[in-house]
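Asks: Got a structure for you, written out below as structure tokens; questions coming shortly.
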Amino acid sequence: MRASRLVSLLLLLQNRGRLTAEQLAEELEVSVRTVYRDVQALAAAGIPLYGEAGHEGGYRLVDGYRTRLTGLTAEEAQAAFLAALPGAAADLGLGEALAAARLKLHAALPAEVREHAGRVQERFLLDAPGWYGDPDDTPHLAAVAAAVWARRAVVLRYRRWRAPEEIERRVEPYGLVLKAGRWYLVAGGPTGIRTYRIDQIVGLRTLEEEFAVPDGFDLGGYWAAYLADFRGRLHTGEALVRLTPEGARRLGVPRAGDGWTEARVPIESVDHAHGEFLRLGADVVVIAPAELRDRIAGTVRALAAQYVGSPDVAG
């Protein structure tokens, strides 16, 4: 652990020039006293660094000195591919490796390229998850990722939406996908290649047996086809509605003049459309299908019953 910290301290000085003991302590998440000891250890090992006192003081390397300790470990190389998604790297247990990889990559760059990379990091940030909803609880993510790397089969206990709600299945984990802040496992199994939400895994057991990914399998290609199929199944129904100008605007329907507009709009299901149309309030009237119209009418009656004759909350 200390050896890794000494390398990180050395690379920080190489990348940034002069740094105070306080700045180094903050970067390395250690005490200032620990920084003093580490600096002494580096000096004793023959590293040409020196300290400067005063307001503009700090530690720095002798001009022109550059360490060759910039080779990436396998774990750091994996983390480097997640450099745009630090949250994802942390989820996979690669947070520290990512920080070390960034330091090594930064140290290996020519000065002008290093300066440009710094400007990019200062000005652009990718935050993948959506605004609403808490992050998924994914206690088995690290174990799944380890099985993906090692090509080891696993036995999942998985919670799903249809009966039986909990199943146990042996699968071969081909890859992981992060979509809109949610992790998915793509795995082969008894029914072919399937996609599993990581937060719905309630138990996992890694097996000793290894597997080989089928020839020609491409994770990116599979995911693109999966999304296309999902979108194709998303809106298989249709509803006939009347919309106010505001309702037409919110649904993205071309308006027919300044009054009500009648339109046919695609729907995923009666259940889903019920919630979506209720959000439009009085700006939509559902004409068909009759099941959807009756569901909305029943909800409106129930809401009215709750409010009609109720005491005035405001007093």
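By order in the structure tokens, chains are A, B, ...; within a chain, residues start at 1; ligands start at 1, following the order shown.
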Near Glu22 in chain A, within 9 Å and counting only C-alpha atoms, which residues show up once chain neighbours fewer than 2 positions away are dropped, as a list in words?
Replies: Leu19, Thr20, Leu24, Ala25, Glu26, Glu27, Ser31, Val32 and Val35 of chain A
Asks: Put those residues in a file: N, CA and C atoms, as a compact mmCIF listing (two decimals), in the first residue's frame.
Replies:
# COMPACT_ATOMS: atom_id res chain seq x y z
N LEU A 19 4.24 21.27 -5.24
CA LEU A 19 3.06 21.03 -4.43
C LEU A 19 3.45 21.09 -2.96
N THR A 20 2.60 21.70 -2.15
CA THR A 20 2.86 21.76 -0.72
C THR A 20 2.53 20.42 -0.07
N LEU A 24 -0.40 17.69 -1.16
CA LEU A 24 -0.12 16.27 -1.37
C LEU A 24 -0.96 15.41 -0.42
N ALA A 25 -1.08 15.85 0.82
CA ALA A 25 -1.87 15.09 1.80
C ALA A 25 -3.33 15.00 1.35
N GLU A 26 -3.86 16.10 0.81
CA GLU A 26 -5.25 16.10 0.35
C GLU A 26 -5.43 15.16 -0.84
N GLU A 27 -4.48 15.21 -1.79
CA GLU A 27 -4.59 14.36 -2.97
C GLU A 27 -4.48 12.87 -2.61
N SER A 31 -2.31 12.03 6.14
CA SER A 31 -1.94 13.17 6.97
C SER A 31 -0.69 13.86 6.43
N VAL A 32 -0.50 15.11 6.84
CA VAL A 32 0.71 15.85 6.44
C VAL A 32 1.94 15.14 6.99
N VAL A 35 2.99 12.50 4.68
CA VAL A 35 3.67 13.07 3.51
C VAL A 35 5.13 13.36 3.82
Asks: Find the residues around range 202-218 of chain A up to 9 Å (only C-alpha atoms counted), leave out those fewer than 2 positions away in its own chain, and share them as a PyMOL selection string.
Replies: chain A and resi 139-140+143-144+147+150-159+166+168+172-174+188+198-200+220-223
Asks: Distance CA of Arg255 in chain A-CA of Val286 in chain A, one decimal place?
Replies: 16.6 Å
Asks: Could you please determine the separation between CA of Asp283 in chain A and CA of Thr244 in chain A in Å, to one decimal place?
Replies: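 Separating CA of Asp283 in chain A from CA of Thr244 in chain A is a distance of 5.1 Å.
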Asks: Run DSSP on the backbone of this structure and report the residues of range 136-285 of chain A it assigns to alpha helix (DSSP H), as a PyMOL selection string.
Replies: chain A and resi 141-150+219-234+245-251+270-278
Asks: So that I can check the surroundings of range 249-251 of chain A, please list as a PDB file with C-alpha atoms, in the first residue's frame every protein, DNA and RNA residue that reaches within 12 Å of it, counting only C-alpha atoms and ignoring chain neighbours fewer than 5 positions away.
Replies:
ATOM      1  CA  VAL A 241     -57.677  11.026 -28.259  1.00  0.00           C
ATOM      2  CA  ARG A 242     -58.815  14.646 -28.383  1.00  0.00           C
ATOM      3  CA  LEU A 243     -56.250  17.217 -27.259  1.00  0.00           C
ATOM      4  CA  THR A 244     -56.246  20.877 -26.312  1.00  0.00           C
ATOM      5  CA  ALA A 256     -55.359  21.353 -36.153  1.00  0.00           C
ATOM      6  CA  ASP A 258     -56.528  26.749 -32.326  1.00  0.00           C
ATOM      7  CA  TRP A 260     -59.217  20.675 -30.035  1.00  0.00           C
ATOM      8  CA  THR A 261     -57.159  18.258 -32.112  1.00  0.00           C
ATOM      9  CA  ALA A 263     -55.218  12.267 -33.110  1.00  0.00           C
ATOM     10  CA  ARG A 264     -54.149   8.652 -32.946  1.00  0.00           C
ATOM     11  CA  VAL A 265     -51.134   8.139 -30.709  1.00  0.00           C
ATOM     12  CA  PRO A 266     -49.074   4.974 -30.089  1.00  0.00           C
ATOM     13  CA  ILE A 267     -49.253   3.430 -26.612  1.00  0.00           C
ATOM     14  CA  GLU A 276     -49.282   8.929 -19.004  1.00  0.00           C
ATOM     15  CA  PHE A 277     -52.647  10.426 -20.022  1.00  0.00           C
ATOM     16  CA  ARG A 279     -50.553  13.475 -16.315  1.00  0.00           C
ATOM     17  CA  LEU A 280     -52.138  15.606 -19.036  1.00  0.00           C
ATOM     18  CA  GLY A 281     -55.177  16.258 -16.867  1.00  0.00           C
ATOM     19  CA  ASP A 283     -55.840  18.608 -21.784  1.00  0.00           C
ATOM     20  CA  VAL A 284     -56.743  15.148 -23.118  1.00  0.00           C
TER      21      VAL A 284
END
Asks: Tell me which protein, DNA and RNA residues are within 12 Å of Asp271 in chain A, counting only C-alpha atoms, leaving out same-chain ones fewer than 6 positions away, and put them as a VMD selection string.
Replies: chain A and resid 237 277 to 278 291 to 296
Asks: Would you give me, as a VMD selection string, the residues in range 115-253 of chain A that DSSP reads as strand (DSSP E)?
Replies: chain A and resid 152 to 159 166 to 179 182 to 189 192 to 197 201 to 210 237 to 243
Asks: Just checking: using only C-alpha atoms, which residue out of A:Ala282, A:Ala224, A:Gly259, A:Ala288 ends up closest to Ala239 in chain A?
Replies: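 The shortest atom-to-atom distance to Ala239 in chain A comes from A:Ala288.
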Asks: Using only C-alpha atoms, determine which residues lie at most 8 Å from range 47-62 of chain A, disregarding the query and same-chain residues fewer than 4 positions distant; provide the list as a short mmCIF file (atom, residue, chain, number, x, y, z; two decimals) with N, CA, C and O atoms, in the first residue's frame.
Replies:
data_model
loop_
_atom_site.label_atom_id
_atom_site.label_comp_id
_atom_site.auth_asym_id
_atom_site.auth_seq_id
_atom_site.Cartn_x
_atom_site.Cartn_y
_atom_site.Cartn_z
N LEU A 13 4.08 14.99 -8.28
CA LEU A 13 5.11 16.02 -8.41
C LEU A 13 5.58 16.15 -9.86
O LEU A 13 5.84 17.24 -10.35
N GLN A 14 5.67 15.03 -10.56
CA GLN A 14 6.09 15.07 -11.95
C GLN A 14 5.05 15.76 -12.82
O GLN A 14 5.39 16.52 -13.73
N GLY A 17 4.34 19.74 -10.92
CA GLY A 17 5.39 20.63 -10.46
C GLY A 17 5.35 20.79 -8.95
O GLY A 17 5.16 19.82 -8.22
N ARG A 18 5.50 22.02 -8.46
CA ARG A 18 5.56 22.26 -7.02
C ARG A 18 4.21 22.01 -6.36
O ARG A 18 3.18 22.48 -6.82
N LEU A 19 4.24 21.27 -5.24
CA LEU A 19 3.06 21.03 -4.43
C LEU A 19 3.45 21.09 -2.96
O LEU A 19 4.52 20.62 -2.57
N THR A 20 2.60 21.70 -2.15
CA THR A 20 2.86 21.76 -0.72
C THR A 20 2.53 20.42 -0.07
O THR A 20 1.84 19.57 -0.65
N ALA A 21 3.01 20.25 1.17
CA ALA A 21 2.70 19.03 1.90
C ALA A 21 1.20 18.90 2.11
O ALA A 21 0.64 17.79 2.06
N LEU A 42 11.49 8.84 -0.27
CA LEU A 42 11.86 9.03 -1.68
C LEU A 42 13.25 9.62 -1.81
O LEU A 42 14.05 9.22 -2.67
N ALA A 43 13.55 10.61 -0.96
CA ALA A 43 14.88 11.22 -1.01
C ALA A 43 15.96 10.20 -0.66
O ALA A 43 17.03 10.16 -1.30
#
Asks: Please, what distance in Å, to one decimal, runs between CA of Ala145 in chain A and CA of Lys179 in chain A?
Replies: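 Computing it gives 15.6 Å between the two atoms.
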Asks: Nearest to Pro190 in chain A among A:Val177, A:Ala297, A:Val39, A:Val171, with distances taken over only C-alpha atoms: which residue is it?
Replies: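 Nearest candidate to Pro190 in chain A out of A:Val177, A:Ala297, A:Val39, A:Val171: A:Val171.
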